[in-house]
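Source file: final-v4.txt; contents: compact mmCIF, C-alpha atoms.
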```txt
# COMPACT_ATOMS: atom_id res chain seq x y z
CA MET A 1402 135.16 93.52 111.17
CA ARG A 1403 134.73 90.89 108.50
CA SER A 1404 131.81 92.75 106.91
CA ILE A 1405 133.90 95.95 106.73
CA ALA A 1406 136.73 94.07 105.02
CA SER A 1407 134.26 92.49 102.60
CA PHE A 1408 132.75 95.89 101.82
CA ALA A 1409 136.17 97.45 101.23
CA SER A 1410 137.29 94.58 99.01
CA LEU A 1411 134.13 94.80 96.89
CA LEU A 1412 134.60 98.55 96.56
CA ALA A 1413 138.24 98.11 95.55
CA LEU A 1414 137.29 95.46 93.00
CA GLY A 1415 134.63 97.73 91.52
CA LEU A 1416 137.08 100.62 91.26
CA LEU A 1417 139.64 98.34 89.64
CA VAL A 1418 137.12 97.11 87.07
CA GLY A 1419 136.07 100.71 86.39
CA ALA A 1420 139.68 101.75 85.85
CA VAL A 1421 140.30 98.81 83.52
CA LEU A 1422 137.18 99.65 81.52
CA THR A 1423 138.26 103.26 81.28
CA MET A 1424 141.79 102.54 80.10
CA ALA A 1425 141.11 99.48 77.96
CA SER A 1426 141.65 99.62 74.24
CA ASN A 1427 139.66 97.74 71.66
CA GLY A 1428 142.64 95.80 70.32
CA SER A 1429 143.42 98.05 67.35
CA GLY A 1430 145.47 100.51 69.38
CA GLU A 1431 142.63 103.00 69.69
CA SER A 1432 141.22 103.91 73.05
CA SER A 1433 137.80 102.60 73.91
CA ALA A 1434 134.68 104.73 73.94
CA LEU A 1435 134.78 104.72 77.74
CA ALA A 1436 138.31 106.11 77.79
CA ASN A 1437 137.52 108.87 75.30
CA GLY A 1438 133.96 109.49 76.35
CA VAL A 1439 131.06 109.55 73.95
CA ASP A 1440 131.79 113.06 72.77
CA GLY A 1441 135.56 112.77 73.17
CA THR A 1442 135.74 115.17 76.11
CA GLY A 1443 136.75 112.70 78.78
CA GLY A 1444 136.45 109.26 80.18
CA LEU A 1445 134.43 107.66 82.86
CA GLU A 1446 133.77 109.96 85.80
CA PHE A 1447 135.21 108.30 88.86
CA ARG A 1448 132.97 110.28 91.23
CA SER A 1449 129.91 108.84 89.47
CA LEU A 1450 131.50 105.40 89.47
CA LEU A 1451 132.17 105.57 93.20
CA ILE A 1452 128.64 106.76 93.96
CA GLY A 1453 127.22 103.97 91.80
CA LEU A 1454 129.39 101.39 93.52
CA LEU A 1455 128.36 102.61 96.96
CA LEU A 1456 124.67 102.59 96.02
CA GLY A 1457 125.01 99.09 94.59
CA LEU A 1458 126.71 97.81 97.71
CA MET A 1459 124.09 99.46 99.92
CA LEU A 1460 121.31 97.83 97.89
CA SER A 1461 123.00 94.44 98.15
CA ASN A 1462 123.21 94.86 101.92
CA LEU A 1463 119.58 96.00 102.13
CA SER A 1464 118.49 92.92 100.22
CA ARG A 1465 119.78 90.77 103.09
CA VAL A 1466 117.45 92.41 105.64
CA PRO A 1467 114.44 90.24 106.59
CA TRP A 1468 111.72 92.76 105.67
CA ALA A 1469 108.89 90.44 106.71
CA GLU A 1470 109.93 90.77 110.37
CA PHE A 1471 109.62 94.57 110.53
CA PRO A 1472 105.84 94.84 111.07
CA ARG A 1473 105.99 92.30 113.89
CA ARG A 1474 108.92 94.09 115.52
CA ILE A 1475 107.26 97.49 115.23
CA VAL A 1476 104.06 96.21 116.82
CA ALA A 1477 106.04 94.55 119.61
CA TRP A 1478 107.99 97.78 120.20
CA VAL A 1479 104.82 99.90 120.33
CA LEU A 1480 103.18 97.48 122.74
CA SER A 1481 106.23 97.37 124.99
CA TYR A 1482 106.38 101.18 125.21
CA GLU A 1483 102.62 101.71 125.37
CA HIS A 1484 102.77 103.53 128.71
CA ASN A 1485 105.33 106.00 127.32
CA PHE A 1486 103.05 106.77 124.36
CA PHE A 1487 100.19 107.34 126.80
CA TYR A 1488 102.27 109.79 128.86
CA ALA A 1489 103.42 111.59 125.71
CA GLY A 1490 99.80 111.90 124.55
CA VAL A 1491 98.67 113.29 127.90
CA ALA A 1492 101.57 115.76 127.93
CA THR A 1493 100.72 116.87 124.39
CA VAL A 1494 97.07 117.44 125.31
CA LEU A 1495 98.05 119.44 128.40
CA VAL A 1496 100.50 121.59 126.42
CA ILE A 1497 97.82 122.28 123.80
CA ILE A 1498 95.39 123.29 126.57
CA LEU A 1499 98.00 125.64 128.03
CA ILE A 1500 98.75 127.20 124.66
CA PHE A 1501 95.12 127.76 123.59
CA TYR A 1502 93.77 128.75 127.00
```
Represent the structure from my file as structure tokens, please.
Amino acid sequence: MRSIASFASLLALGLLVGAVLTMASNGSGESSALANGVDGTGGLEFRSLLIGLLLGLMLSNLSRVPWAEFPRRIVAWVLSYEHNFFYAGVATVLVIILIFY
């Protein structure tokens, strides 16, 4: 539950910062380039901002995964289910024989 609350608070903070950047002025009373857009047609797209925030949060969570353990775990999993792989191989060979005979 704590990780969900942390994720939601980071997302809310990112959206708040994006909204502040969009609405901020440069001090002279003019709107910023983010608020007006580069070509003056609009401001920051919140859909793009949200997607970027989600991707950034996902990447930060993926960076916490111990990637060095994966090969060892995969090998251990394959060895523990070796008999099932053997049965699946035999069944595949028998099905191929039935189809091509």
Near Leu1416 of chain A, within 8 Å and counting only C-alpha atoms, which residues show up once chain neighbours fewer than 3 positions away are dropped, as a VMD selection string?
-> chain A and resid 1412 to 1413 1419 to 1420 1450 to 1451
State, in Å with one decimal place, the distance from atom CA of Arg1465 of chain A to atom CA of Ser1410 of chain A.
->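 If I compute the distance from atom CA of Arg1465 of chain A to atom CA of Ser1410 of chain A, I get 18.4 Å.
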At what distance in Å, to one decimal, does atom CA of Arg1403 of chain A lie from atom CA of Ile1452 of chain A?
->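 For atom CA of Ile1452 of chain A relative to atom CA of Arg1403 of chain A, the distance reads 22.4 Å.
Atom pair atom CA of Gly1490 of chain A / atom CA of Glu1470 of chain A has a distance of 27.4 Å (rounded to one decimal).
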Is it possible to get the axis-aligned box enclosing segment 1402-1420 of chain A (all listed atoms, 4 Å extra per side) as JSON, with centre and edge lengths in Å rounded to one decimal?
```
{"center_x": 135.7, "center_y": 96.3, "center_z": 98.5, "size_x": 15.9, "size_y": 18.9, "size_z": 33.3}
```
